[in-house]
Structure formats: C-alpha cells, structure tokens
>>> print(open('work-v9.tsv').read())   # TSV, C-alpha atoms
chain	number	residue	atom	x	y	z
A	298	MET	CA	-85.41	78.38	32.90
A	299	LYS	CA	-87.89	81.12	33.83
A	300	PRO	CA	-87.03	81.36	37.56
A	301	PHE	CA	-83.36	81.72	36.71
A	302	LEU	CA	-83.98	84.41	34.17
A	303	ALA	CA	-86.00	86.21	36.83
A	304	VAL	CA	-83.15	85.85	39.36
A	305	LEU	CA	-80.62	87.01	36.77
A	306	LEU	CA	-82.82	89.98	35.88
A	307	LEU	CA	-83.22	90.88	39.56
A	308	LEU	CA	-79.49	90.59	40.24
A	309	LEU	CA	-78.51	92.59	37.22
A	310	GLY	CA	-81.16	95.19	37.92
A	311	SER	CA	-79.99	95.65	41.48
A	312	VAL	CA	-76.32	95.99	40.60
A	313	PRO	CA	-76.27	99.68	39.63
A	314	ALA	CA	-78.01	100.56	42.90
A	315	LEU	CA	-75.65	98.40	44.97
A	316	ALA	CA	-72.64	99.64	43.06
A	317	GLN	CA	-73.07	103.24	44.09
A	318	VAL	CA	-70.02	104.46	45.95
A	319	PRO	CA	-71.38	107.08	48.34
A	320	GLY	CA	-69.47	110.25	47.68
A	321	GLY	CA	-66.86	108.25	45.79
A	322	ALA	CA	-65.69	110.82	43.31
A	323	PRO	CA	-65.47	113.86	45.64
A	324	ALA	CA	-63.69	111.80	48.32
A	325	ALA	CA	-61.11	110.65	45.83
A	326	ALA	CA	-60.66	114.24	44.66
A	327	ALA	CA	-60.16	115.44	48.20
A	328	ASN	CA	-57.43	112.86	48.74
A	329	GLY	CA	-55.64	114.24	45.74
A	330	GLU	CA	-55.58	110.84	44.06
A	331	TRP	CA	-56.72	112.27	40.76
A	332	LYS	CA	-57.07	115.66	39.16
A	333	ASP	CA	-60.28	116.63	37.47
A	334	ALA	CA	-58.82	118.24	34.41
A	335	ASP	CA	-62.14	119.31	32.97
A	336	LEU	CA	-63.33	121.74	35.62
A	337	ALA	CA	-62.63	124.57	33.20
A	338	ALA	CA	-64.70	122.91	30.51
A	339	MET	CA	-67.58	122.55	32.94
A	340	GLY	CA	-67.47	126.27	33.55
A	341	GLU	CA	-67.59	126.86	29.81
A	342	GLY	CA	-70.83	124.95	29.49
A	343	GLY	CA	-69.22	121.69	28.34
A	344	TYR	CA	-70.64	118.31	29.27
A	345	GLN	CA	-69.80	117.30	32.80
A	346	SER	CA	-67.59	114.22	32.96
A	347	THR	CA	-69.74	112.60	35.63
A	348	THR	CA	-72.82	112.97	33.39
A	349	LEU	CA	-71.02	111.31	30.49
A	350	VAL	CA	-69.64	108.49	32.65
A	351	THR	CA	-73.06	107.91	34.24
A	352	ALA	CA	-74.70	107.93	30.82
A	353	ALA	CA	-72.20	105.37	29.49
A	354	TYR	CA	-72.55	103.08	32.52
A	355	SER	CA	-76.35	103.32	32.53
A	356	PHE	CA	-76.57	102.70	28.80
A	357	ILE	CA	-74.73	99.40	29.13
A	358	TRP	CA	-77.06	98.24	31.92
A	359	VAL	CA	-80.14	99.33	30.01
A	360	MET	CA	-78.99	97.36	26.96
A	361	VAL	CA	-78.25	94.25	29.04
A	362	LEU	CA	-81.63	94.48	30.78
A	363	VAL	CA	-83.43	95.00	27.46
A	364	PHE	CA	-81.71	91.90	26.09
A	365	VAL	CA	-82.56	89.80	29.17
A	366	ALA	CA	-86.18	91.02	29.06
A	367	SER	CA	-86.38	90.21	25.35
A	368	VAL	CA	-85.07	86.66	25.95
A	369	TRP	CA	-87.53	86.24	28.83
A	370	LEU	CA	-90.48	87.38	26.69
A	371	ARG	CA	-89.46	85.12	23.83
A	372	SER	CA	-89.06	82.22	26.26
A	373	ARG	CA	-92.57	82.85	27.64
A	374	ARG	CA	-94.02	82.89	24.12
A	375	LEU	CA	-92.19	79.65	23.35
A	376	HIS	CA	-93.71	77.97	26.39
A	377	GLN	CA	-97.16	79.15	25.30
A	378	ASP	CA	-96.55	77.70	21.82
A	379	LEU	CA	-95.43	74.43	23.39
A	380	ALA	CA	-98.55	74.25	25.56
A	381	GLU	CA	-100.71	74.97	22.51
A	382	LEU	CA	-98.95	72.24	20.50
A	383	GLU	CA	-99.42	69.73	23.32
A	384	ALA	CA	-103.11	70.60	23.49
A	385	ARG	CA	-103.43	70.12	19.72
A	386	ILE	CA	-101.65	66.76	19.93
A	387	ALA	CA	-103.95	65.69	22.77
A	388	ARG	CA	-107.03	66.71	20.76
A	389	GLY	CA	-105.64	64.94	17.68
A	390	GLN	CA	-105.07	61.74	19.67
A	391	THR	CA	-108.59	61.89	21.11
A	392	GLU	CA	-110.14	62.42	17.69
A	393	GLY	CA	-107.87	59.84	16.05
B	262	MET	CA	-88.03	73.52	42.38
B	263	LYS	CA	-85.42	71.11	41.09
B	264	LEU	CA	-82.03	72.67	40.35
B	265	ARG	CA	-80.00	71.21	37.54
B	266	THR	CA	-76.22	71.56	37.33
B	267	LEU	CA	-76.47	73.96	34.42
B	268	ASP	CA	-78.92	76.13	36.36
B	269	LEU	CA	-76.50	76.24	39.28
B	270	VAL	CA	-73.68	77.26	36.93
B	271	PHE	CA	-75.89	80.07	35.60
B	272	LEU	CA	-76.79	81.20	39.10
B	273	ALA	CA	-73.14	81.12	40.25
B	274	GLY	CA	-72.14	83.14	37.18
B	275	ALA	CA	-74.86	85.71	37.86
B	276	LEU	CA	-73.68	86.06	41.46
B	277	LEU	CA	-70.06	86.46	40.28
B	278	VAL	CA	-71.04	89.20	37.85
B	279	ALA	CA	-73.08	90.96	40.53
B	280	ALA	CA	-70.20	90.76	43.03
B	281	ALA	CA	-67.71	92.04	40.46
B	282	MET	CA	-70.02	94.89	39.49
B	283	VAL	CA	-70.35	95.92	43.14
B	284	LEU	CA	-66.56	95.92	43.59
B	285	ALA	CA	-65.57	97.36	40.23
B	286	PRO	CA	-66.96	100.92	40.58
B	287	GLY	CA	-64.94	101.46	43.78
B	288	TRP	CA	-61.76	100.23	42.09
B	289	ILE	CA	-62.51	102.25	38.98
B	290	VAL	CA	-63.02	105.46	40.96
B	291	ASP	CA	-59.78	104.82	42.89
B	292	ALA	CA	-57.73	104.13	39.78
B	293	PRO	CA	-55.57	107.12	38.77
B	294	LEU	CA	-56.21	109.10	35.61
B	295	PRO	CA	-53.49	108.71	32.97
B	296	MET	CA	-51.77	111.75	31.50
B	297	ALA	CA	-53.04	113.16	28.24
B	298	SER	CA	-50.65	114.34	25.52
B	299	GLY	CA	-50.70	117.90	26.92
B	300	GLY	CA	-49.23	116.72	30.23
B	301	MET	CA	-52.48	117.19	32.18
B	302	ALA	CA	-54.45	114.35	33.70
B	303	MET	CA	-57.16	113.12	31.38
B	304	ALA	CA	-60.73	114.13	32.15
B	305	TRP	CA	-62.82	111.97	34.45
B	306	THR	CA	-64.56	110.58	31.36
B	307	GLN	CA	-61.48	108.36	31.06
B	308	LYS	CA	-63.38	106.08	33.51
B	309	ILE	CA	-65.52	105.08	30.51
B	310	PHE	CA	-62.45	103.14	29.41
B	311	TYR	CA	-63.27	100.47	32.05
B	312	PHE	CA	-66.49	99.48	30.31
B	313	HIS	CA	-65.84	100.69	26.75
B	314	VAL	CA	-62.89	98.34	26.20
B	315	PRO	CA	-64.50	95.24	27.82
B	316	ALA	CA	-67.66	95.89	25.76
B	317	ALA	CA	-65.51	96.02	22.61
B	318	TRP	CA	-63.76	92.80	23.68
B	319	CYS	CA	-67.15	91.06	24.14
B	320	THR	CA	-68.18	92.31	20.68
B	321	PHE	CA	-65.08	90.82	19.06
B	322	LEU	CA	-65.37	87.60	21.06
B	323	SER	CA	-68.99	87.27	20.03
B	324	VAL	CA	-68.11	87.80	16.36
B	325	PHE	CA	-65.65	84.90	16.53
B	326	VAL	CA	-68.14	82.70	18.40
B	327	CYS	CA	-70.75	83.50	15.74
B	328	ALA	CA	-68.25	82.69	12.98
B	329	ALA	CA	-67.33	79.39	14.65
B	330	GLY	CA	-71.01	78.46	14.93
B	331	SER	CA	-71.54	79.46	11.30
B	332	VAL	CA	-68.64	77.30	10.12
B	333	LEU	CA	-70.12	74.35	12.04
B	334	HIS	CA	-73.48	75.00	10.46
B	335	LEU	CA	-72.07	75.37	6.94
B	336	ALA	CA	-69.77	72.35	7.18
B	337	LYS	CA	-71.91	69.89	9.12
B	338	ARG	CA	-75.40	71.39	9.04
B	339	SER	CA	-75.12	71.44	12.81
B	340	ARG	CA	-78.23	72.84	14.51
B	341	GLY	CA	-76.16	73.41	17.66
B	342	GLY	CA	-73.74	75.48	15.60
B	343	ASP	CA	-76.65	77.44	14.19
B	344	ALA	CA	-78.04	78.10	17.69
B	345	LEU	CA	-74.58	79.25	18.82
B	346	ALA	CA	-74.23	81.54	15.79
B	347	VAL	CA	-77.59	83.28	16.15
B	348	ALA	CA	-77.15	83.72	19.92
B	349	ALA	CA	-73.69	85.21	19.43
B	350	ALA	CA	-74.89	87.47	16.59
B	351	GLU	CA	-77.51	89.05	18.86
B	352	LEU	CA	-74.82	89.66	21.46
B	353	VAL	CA	-72.56	91.28	18.84
B	354	VAL	CA	-75.38	93.77	18.31
B	355	VAL	CA	-75.90	94.31	22.07
B	356	PHE	CA	-72.23	94.75	23.02
B	357	GLY	CA	-71.49	96.50	19.73
B	358	ILE	CA	-74.02	99.25	20.42
B	359	CYS	CA	-72.56	99.58	23.94
B	360	THR	CA	-69.11	100.10	22.39
B	361	LEU	CA	-70.41	102.53	19.78
B	362	VAL	CA	-72.30	104.62	22.33
B	363	THR	CA	-69.76	104.69	25.18
B	364	GLY	CA	-66.93	105.61	22.78
B	365	PRO	CA	-68.49	108.87	21.58
B	366	LEU	CA	-69.47	109.78	25.17
B	367	TRP	CA	-65.78	109.60	26.04
B	368	ALA	CA	-64.66	111.22	22.77
B	369	ARG	CA	-66.90	114.26	23.28
B	370	LYS	CA	-64.80	115.27	26.26
B	371	GLU	CA	-61.37	114.20	25.03
B	372	TRP	CA	-61.62	115.16	21.35
B	373	GLY	CA	-64.36	117.78	21.48
B	374	VAL	CA	-66.50	115.84	18.97
B	375	TRP	CA	-68.84	112.87	19.22
B	376	TRP	CA	-67.66	111.10	16.08
B	377	VAL	CA	-64.93	111.39	13.44
B	378	TRP	CA	-65.95	109.95	10.08
B	379	LYS	CA	-62.33	109.88	8.84
B	380	ASP	CA	-61.28	107.61	11.73
B	381	VAL	CA	-60.82	104.09	10.40
B	382	ARG	CA	-61.25	102.42	13.82
B	383	LEU	CA	-64.61	104.09	14.38
B	384	VAL	CA	-65.97	103.48	10.89
B	385	THR	CA	-64.84	99.83	10.66
B	386	THR	CA	-66.44	99.16	14.07
B	387	LEU	CA	-69.67	100.71	12.80
B	388	ILE	CA	-69.47	98.52	9.67
B	389	LEU	CA	-68.96	95.46	11.87
B	390	TRP	CA	-72.07	96.32	13.89
B	391	ILE	CA	-74.15	96.96	10.76
B	392	THR	CA	-72.97	93.62	9.34
B	393	PHE	CA	-74.53	91.82	12.30
B	394	ILE	CA	-77.71	93.89	12.11
B	395	ALA	CA	-77.87	92.64	8.50
B	396	TYR	CA	-77.20	89.09	9.77
B	397	LEU	CA	-80.26	89.25	12.03
B	398	PHE	CA	-82.42	90.77	9.27
B	399	VAL	CA	-81.37	88.00	6.88
B	400	ARG	CA	-82.19	85.39	9.53
B	401	ARG	CA	-85.58	86.96	10.21
B	402	TYR	CA	-86.76	87.80	6.70
B	403	GLY	CA	-84.48	85.78	4.38
B	404	GLY	CA	-86.85	82.83	3.92
B	405	PRO	CA	-85.63	79.27	3.26
B	406	GLY	CA	-81.86	78.93	3.26
B	407	ALA	CA	-81.38	82.22	5.09
B	408	GLU	CA	-79.24	80.50	7.72
B	409	ARG	CA	-76.56	79.70	5.17
B	410	LEU	CA	-76.57	83.20	3.70
B	411	ALA	CA	-76.36	84.64	7.22
B	412	SER	CA	-73.44	82.30	7.97
B	413	GLY	CA	-71.57	83.87	5.07
B	414	LEU	CA	-72.24	87.32	6.51
B	415	ALA	CA	-70.89	86.16	9.88
B	416	LEU	CA	-67.66	85.04	8.24
B	417	PHE	CA	-67.37	88.41	6.51
B	418	GLY	CA	-67.83	90.05	9.92
B	419	ALA	CA	-65.08	87.87	11.41
B	420	VAL	CA	-62.67	89.00	8.68
B	421	ASN	CA	-63.45	92.59	9.63
B	422	VAL	CA	-62.38	92.16	13.29
B	423	PRO	CA	-58.60	92.07	12.67
B	424	ILE	CA	-59.02	95.13	10.41
B	425	VAL	CA	-60.79	96.97	13.23
B	426	TYR	CA	-58.02	95.99	15.64
B	427	ILE	CA	-55.01	96.88	13.51
B	428	SER	CA	-56.56	99.99	11.95
B	429	VAL	CA	-54.99	102.25	14.58
B	430	PHE	CA	-51.51	101.01	13.66
B	431	PHE	CA	-51.85	101.39	9.90
B	432	TRP	CA	-53.75	104.65	9.59
B	433	ARG	CA	-53.42	107.95	11.43
B	434	THR	CA	-56.51	107.85	13.56
B	435	GLN	CA	-58.02	110.00	16.27
B	436	HIS	CA	-58.62	106.84	18.25
B	437	PRO	CA	-55.63	106.03	20.48
B	438	LYS	CA	-53.54	102.94	19.94
B	439	ALA	CA	-54.24	99.99	22.23
B	440	THR	CA	-52.32	100.18	25.50
B	441	VAL	CA	-53.89	97.31	27.43
B	442	VAL	CA	-52.24	94.45	25.55
B	443	ALA	CA	-48.89	96.26	25.58
B	444	GLY	CA	-49.13	96.46	29.40
B	445	GLY	CA	-49.03	100.23	29.56
B	446	LEU	CA	-51.46	100.56	32.45
B	447	ASP	CA	-50.77	101.81	35.95
B	448	PRO	CA	-51.04	98.84	38.44
B	449	LYS	CA	-54.19	100.33	40.07
B	450	MET	CA	-55.73	100.88	36.66
B	451	ARG	CA	-54.75	97.37	35.68
B	452	ALA	CA	-56.56	95.79	38.66
B	453	ALA	CA	-59.75	97.78	38.01
B	454	PHE	CA	-59.58	97.08	34.30
B	455	TRP	CA	-59.10	93.32	34.58
B	456	LEU	CA	-61.87	93.04	37.19
B	457	SER	CA	-64.23	94.84	34.85
B	458	PHE	CA	-62.95	92.77	31.91
B	459	ALA	CA	-63.60	89.51	33.80
B	460	ALA	CA	-67.08	90.67	34.87
B	461	PHE	CA	-68.01	91.56	31.30
B	462	THR	CA	-66.69	88.23	30.00
B	463	VAL	CA	-68.69	86.22	32.57
B	464	LEU	CA	-71.76	88.35	31.84
B	465	TYR	CA	-71.28	87.71	28.13
B	466	LEU	CA	-71.00	83.94	28.66
B	467	LEU	CA	-74.13	83.96	30.83
B	468	LEU	CA	-76.17	85.86	28.27
B	469	LEU	CA	-74.86	83.60	25.53
B	470	GLY	CA	-75.86	80.51	27.52
B	471	VAL	CA	-79.35	81.84	28.19
B	472	ARG	CA	-79.84	82.75	24.53
B	473	ILE	CA	-78.53	79.39	23.29
B	474	ARG	CA	-81.00	77.59	25.57
B	475	LEU	CA	-83.84	79.61	24.07
B	476	GLU	CA	-82.72	78.79	20.52
B	477	ARG	CA	-82.37	75.08	21.28
B	478	ALA	CA	-85.84	75.05	22.86
B	479	ARG	CA	-87.15	76.67	19.67
B	480	HIS	CA	-85.46	73.97	17.57
B	481	ARG	CA	-87.02	71.26	19.75
B	482	LEU	CA	-90.45	72.84	19.40
B	483	ASP	CA	-90.07	72.95	15.60
B	484	GLU	CA	-88.99	69.30	15.51
B	485	LEU	CA	-91.89	68.30	17.75
B	486	HIS	CA	-94.33	70.19	15.55
B	487	VAL	CA	-93.05	68.49	12.38
B	488	ALA	CA	-93.02	65.03	14.03
B	489	ALA	CA	-96.57	65.45	15.37
B	490	ASP	CA	-97.78	66.68	11.98
B	491	GLU	CA	-96.15	63.77	10.14
B	492	ALA	CA	-97.67	61.29	12.61
B	493	GLY	CA	-101.09	62.82	12.02
B	494	LEU	CA	-101.43	63.68	15.68
B	495	LEU	CA	-102.41	67.32	15.16
B	496	ASP	CA	-106.05	68.28	15.04
B	497	PRO	CA	-107.05	69.81	11.68
>>> encode(input="work-v9.tsv", output="structure tokens")
Amino acid sequence: MKPFLAVLLLLLGSVPALAQVPGGAPAAAANGEWKDADLAAMGEGGYQSTTLVTAAYSFIWVMVLVFVASVWLRSRRLHQDLAELEARIARGQTEG
Amino acid sequence: MKLRTLDLVFLAGALLVAAAMVLAPGWIVDAPLPMASGGMAMAWTQKIFYFHVPAAWCTFLSVFVCAAGSVLHLAKRSRGGDALAVAAAELVVVFGICTLVTGPLWARKEWGVWWVWKDVRLVTTLILWITFIAYLFVRRYGGPGAERLASGLALFGAVNVPIVYISVFFWRTQHPKATVVAGGLDPKMRAAFWLSFAAFTVLYLLLLGVRIRLERARHRLDELHVAADEAGLLDP
C-alpha cells in the first residue's frame, strides 16, 4: 500500500501547482466576463477576494495532505508492529 | 512491484482527481459571478462556492457512510462495518473542518462577518462536526465497548444532517438557501460546479478506501497477535 500512498501524496501535492491558471483572473476581468464587485472594499482595507479564495483552496489541500500523511505514518507504524510481532513469533517458535 | 486490481483502481482514481483538479480552476475562473441581492455581481469570493459546497456534500456523505457502518457493527458485530464507520468518521472531521473554514472566508466578504451565532445552518454544522470529534475521542479513550457507544454517536450525527440541510428553509438564516439542487445555476457555473463536485466525491472515496485498508490491516494485526498469544508462540 505504501507506494500507492506515496504516488497519491505526490499527485495531490502537485495539483495546486499544476492547477495555476497563469493570469487567469485578470484575463477574465479584461474580457468583461465578470465584474469584481469588491474593488471598493479593497480600497477600504477589506480582505482581498483573491486572498480569501486562495486561503480557502489552500486550506482544503493542506487538510487533505495532512490526512494522507497521517494515514501513511500510521500505516508505517503498523508495518513496524507487524514485523515486531513476526520476530516475536519466530523467537517463540525457536524457544518452544 | 506487483499491482493488484484494487491498487490500480486507487491509482486510476488518483489520476482522475488530479486531472479534474487541473481542469476545475480554469472552469471556475471562467464561470460568471451570480448577482447579489443588491443587483451587483457578487464578490470574487463567490468562487469559494465551488469547493465549499462539495466539501459540505462529502461531510454529509461521510456521516451517512459512518452511520451505515455503525448500524452494521451494532446489528451484526461486523468488523468491516466498524472499519467503515471509523474511516468515515475521520473524513467527516476532515471535510467538516474544510466546510467550516471555507464558509467563513466567503462570509467575511459577503456578510461582513466571519460567523453568525444566530444562524441555525452554521451552528448545526458546527454541532455535527463536534459530534464526530467526540466520536473519535470516544473511540480513542473510551475503553472496552467504546465502539458501540461511538456507533450511537454516529447515529445521532446522522439524524443531525437533515436538520442542517433543512434549517435554511425553516428559520430565517444569514446563510442562503440551497440553489444547486433546485437547478438555479448558470450553465457555465453548473459545469464548473459539477466537475468540482465529482472531483471531491472521487477524492473522498479514495481517502475512504485508503483509510479502510489501514483499519482492516490493524484488525488483522490484532487478530494475529491474539492467535499467536493463545497458541503460545510469543516469546515471554
């Protein structure tokens, strides 16, 4: 299972980087496809929409990666426990 | 390295999620912004909708999966059901926190506040999340029989889901009423939303599968330990 967790981790980790749309938001604005209604708020010291959207998107990926890492660590510990149990059984058989 | 069918399914799922996540941001950026009540286009934070709603969907789905596993465990003492329940409960916590964090990030721009304590949708969602935190605590520190007590908590959580969903229709809430199920989305928004929704669902199923495999491996290790001990094969 370990190699696949590693592949999954790698794929998921690379997604935010691959998913970047170079100049996506300004290009869309220039085409007039959407109106940024919060320009005034930005000028008033409000939170920038892009910051909030980036924070939300990043948070989800961080949580997913933390979960995958936690499963991977627990899986590694489980394999260590299994190896230890096998060694104990082998010793028990030798002594028995 | 020998690939098993299940491993290939996992790998294919991971590739699908990655592909969808590469495509989705472009579609999400292209999707138009809906109009707010004042007649102006909503702020760009509306894009949070494309991962806030799928995260909430995965939370609800996971609650029901956990409840189904709990029922199996309570009714038949099924260890598979127990593995399913604990795996799903962890994912309720993961996707639940995603929902609870992305919502306020959106709300700060649209409502001017991070959180509204009088909003039934927000508070019931928080209660749902805390219920599953409690579930995991009970599982971890509850001692013998904790699985059954935790199963009861999972069922309580499942009862809460419909309340979370219908709360916006029964109480005057800051949170908007659902528009996705009613089909109120612009076609471009709809395409971006459903792509994101599918990606989240596949991601959820992948994570659930990985977590179930870990839990089943843990069960096997426990059984092996007990069997070896009973057979007197363990060194003192």
>>> interface_residues(input="work-v9.tsv", of="chain B", to="chain A", cutoff="8 Å", atoms="all atoms listed in the file", output="PyMOL selection string")
chain B and resi 268+271-272+275-276+279+282-287+290-291+293-294+301-306+308-309+312+355+359+362-363+366-367+370+468+471-472+475+478-479+482+486+489+493-497
>>> write_last_selection(input="work-v9.tsv", atoms="C-alpha atoms", output="JSON list (two decimals), keeping the file's coordinate frame")
[["chain", "number", "residue", "atom", "x", "y", "z"],
["B", 268, "ASP", "CA", -78.92, 76.13, 36.36],
["B", 271, "PHE", "CA", -75.89, 80.07, 35.60],
["B", 272, "LEU", "CA", -76.79, 81.20, 39.10],
["B", 275, "ALA", "CA", -74.86, 85.71, 37.86],
["B", 276, "LEU", "CA", -73.68, 86.06, 41.46],
["B", 279, "ALA", "CA", -73.08, 90.96, 40.53],
["B", 282, "MET", "CA", -70.02, 94.89, 39.49],
["B", 283, "VAL", "CA", -70.35, 95.92, 43.14],
["B", 284, "LEU", "CA", -66.56, 95.92, 43.59],
["B", 285, "ALA", "CA", -65.57, 97.36, 40.23],
["B", 286, "PRO", "CA", -66.96, 100.92, 40.58],
["B", 287, "GLY", "CA", -64.94, 101.46, 43.78],
["B", 290, "VAL", "CA", -63.02, 105.46, 40.96],
["B", 291, "ASP", "CA", -59.78, 104.82, 42.89],
["B", 293, "PRO", "CA", -55.57, 107.12, 38.77],
["B", 294, "LEU", "CA", -56.21, 109.10, 35.61],
["B", 301, "MET", "CA", -52.48, 117.19, 32.18],
["B", 302, "ALA", "CA", -54.45, 114.35, 33.70],
["B", 303, "MET", "CA", -57.16, 113.12, 31.38],
["B", 304, "ALA", "CA", -60.73, 114.13, 32.15],
["B", 305, "TRP", "CA", -62.82, 111.97, 34.45],
["B", 306, "THR", "CA", -64.56, 110.58, 31.36],
["B", 308, "LYS", "CA", -63.38, 106.08, 33.51],
["B", 309, "ILE", "CA", -65.52, 105.08, 30.51],
["B", 312, "PHE", "CA", -66.49, 99.48, 30.31],
["B", 355, "VAL", "CA", -75.90, 94.31, 22.07],
["B", 359, "CYS", "CA", -72.56, 99.58, 23.94],
["B", 362, "VAL", "CA", -72.30, 104.62, 22.33],
["B", 363, "THR", "CA", -69.76, 104.69, 25.18],
["B", 366, "LEU", "CA", -69.47, 109.78, 25.17],
["B", 367, "TRP", "CA", -65.78, 109.60, 26.04],
["B", 370, "LYS", "CA", -64.80, 115.27, 26.26],
["B", 468, "LEU", "CA", -76.17, 85.86, 28.27],
["B", 471, "VAL", "CA", -79.35, 81.84, 28.19],
["B", 472, "ARG", "CA", -79.84, 82.75, 24.53],
["B", 475, "LEU", "CA", -83.84, 79.61, 24.07],
["B", 478, "ALA", "CA", -85.84, 75.05, 22.86],
["B", 479, "ARG", "CA", -87.15, 76.67, 19.67],
["B", 482, "LEU", "CA", -90.45, 72.84, 19.40],
["B", 486, "HIS", "CA", -94.33, 70.19, 15.55],
["B", 489, "ALA", "CA", -96.57, 65.45, 15.37],
["B", 493, "GLY", "CA", -101.09, 62.82, 12.02],
["B", 494, "LEU", "CA", -101.43, 63.68, 15.68],
["B", 495, "LEU", "CA", -102.41, 67.32, 15.16],
["B", 496, "ASP", "CA", -106.05, 68.28, 15.04],
["B", 497, "PRO", "CA", -107.05, 69.81, 11.68]]
>>> closest_residue(input="work-v9.tsv", among="B:Pro365, B:Tyr402, B:Leu269, B:Val420", to="Ile388 in chain B", atoms="all atoms listed in the file")
B:Val420
>>> residues_around(input="work-v9.tsv", residues="Glu351 in chain B", least_positions_apart="5", cutoff="10 Å", atoms="all atoms listed in the file", output="NGL selection string")
(:A and (364)) or (:B and (323-324 or 327 or 346 or 356-357 or 393-394 or 396-397 or 469 or 472))
>>> write_last_selection(input="work-v9.tsv", atoms="C-alpha atoms", output="JSON list (two decimals), keeping the file's coordinate frame")
[["chain", "number", "residue", "atom", "x", "y", "z"],
["A", 364, "PHE", "CA", -81.71, 91.90, 26.09],
["B", 323, "SER", "CA", -68.99, 87.27, 20.03],
["B", 324, "VAL", "CA", -68.11, 87.80, 16.36],
["B", 327, "CYS", "CA", -70.75, 83.50, 15.74],
["B", 346, "ALA", "CA", -74.23, 81.54, 15.79],
["B", 356, "PHE", "CA", -72.23, 94.75, 23.02],
["B", 357, "GLY", "CA", -71.49, 96.50, 19.73],
["B", 393, "PHE", "CA", -74.53, 91.82, 12.30],
["B", 394, "ILE", "CA", -77.71, 93.89, 12.11],
["B", 396, "TYR", "CA", -77.20, 89.09, 9.77],
["B", 397, "LEU", "CA", -80.26, 89.25, 12.03],
["B", 469, "LEU", "CA", -74.86, 83.60, 25.53],
["B", 472, "ARG", "CA", -79.84, 82.75, 24.53]]
>>> closest_residue(input="work-v9.tsv", among="B:Gln435, B:Arg481, B:Ala453, B:Ala492", to="Val374 in chain B", atoms="only C-alpha atoms")
B:Gln435
>>> closest_residue(input="work-v9.tsv", among="B:Cys319, B:Gly341, B:Glu484, B:Gly406", to="Leu464 in chain B", atoms="all atoms listed in the file")
B:Cys319
>>> residues_around(input="work-v9.tsv", residues="Ala317 in chain B", least_positions_apart="2", cutoff="12 Å", atoms="only C-alpha atoms", output="MDAnalysis selection string")
(chainID A and resid 357) or (chainID B and resid 310:315 319:324 352:364 382:383 386:387 389:390 422 425:426 439 458 461:462 465)
>>> atom_distance(input="work-v9.tsv", atom1="CA of Glu408 in chain B", atom2="CA of Ala488 in chain B")
21.7 Å
>>> closest_residue(input="work-v9.tsv", among="B:Lys379, B:Phe325, B:Asp483, B:Val332", to="Pro423 in chain B", atoms="all atoms listed in the file")
B:Phe325
>>> atom_distance(input="work-v9.tsv", atom1="CA of Ala328 in chain B", atom2="CA of Leu345 in chain B")
9.3 Å
>>> atom_distance(input="work-v9.tsv", atom1="CA of Trp318 in chain B", atom2="CA of Leu370 in chain A")
27.4 Å
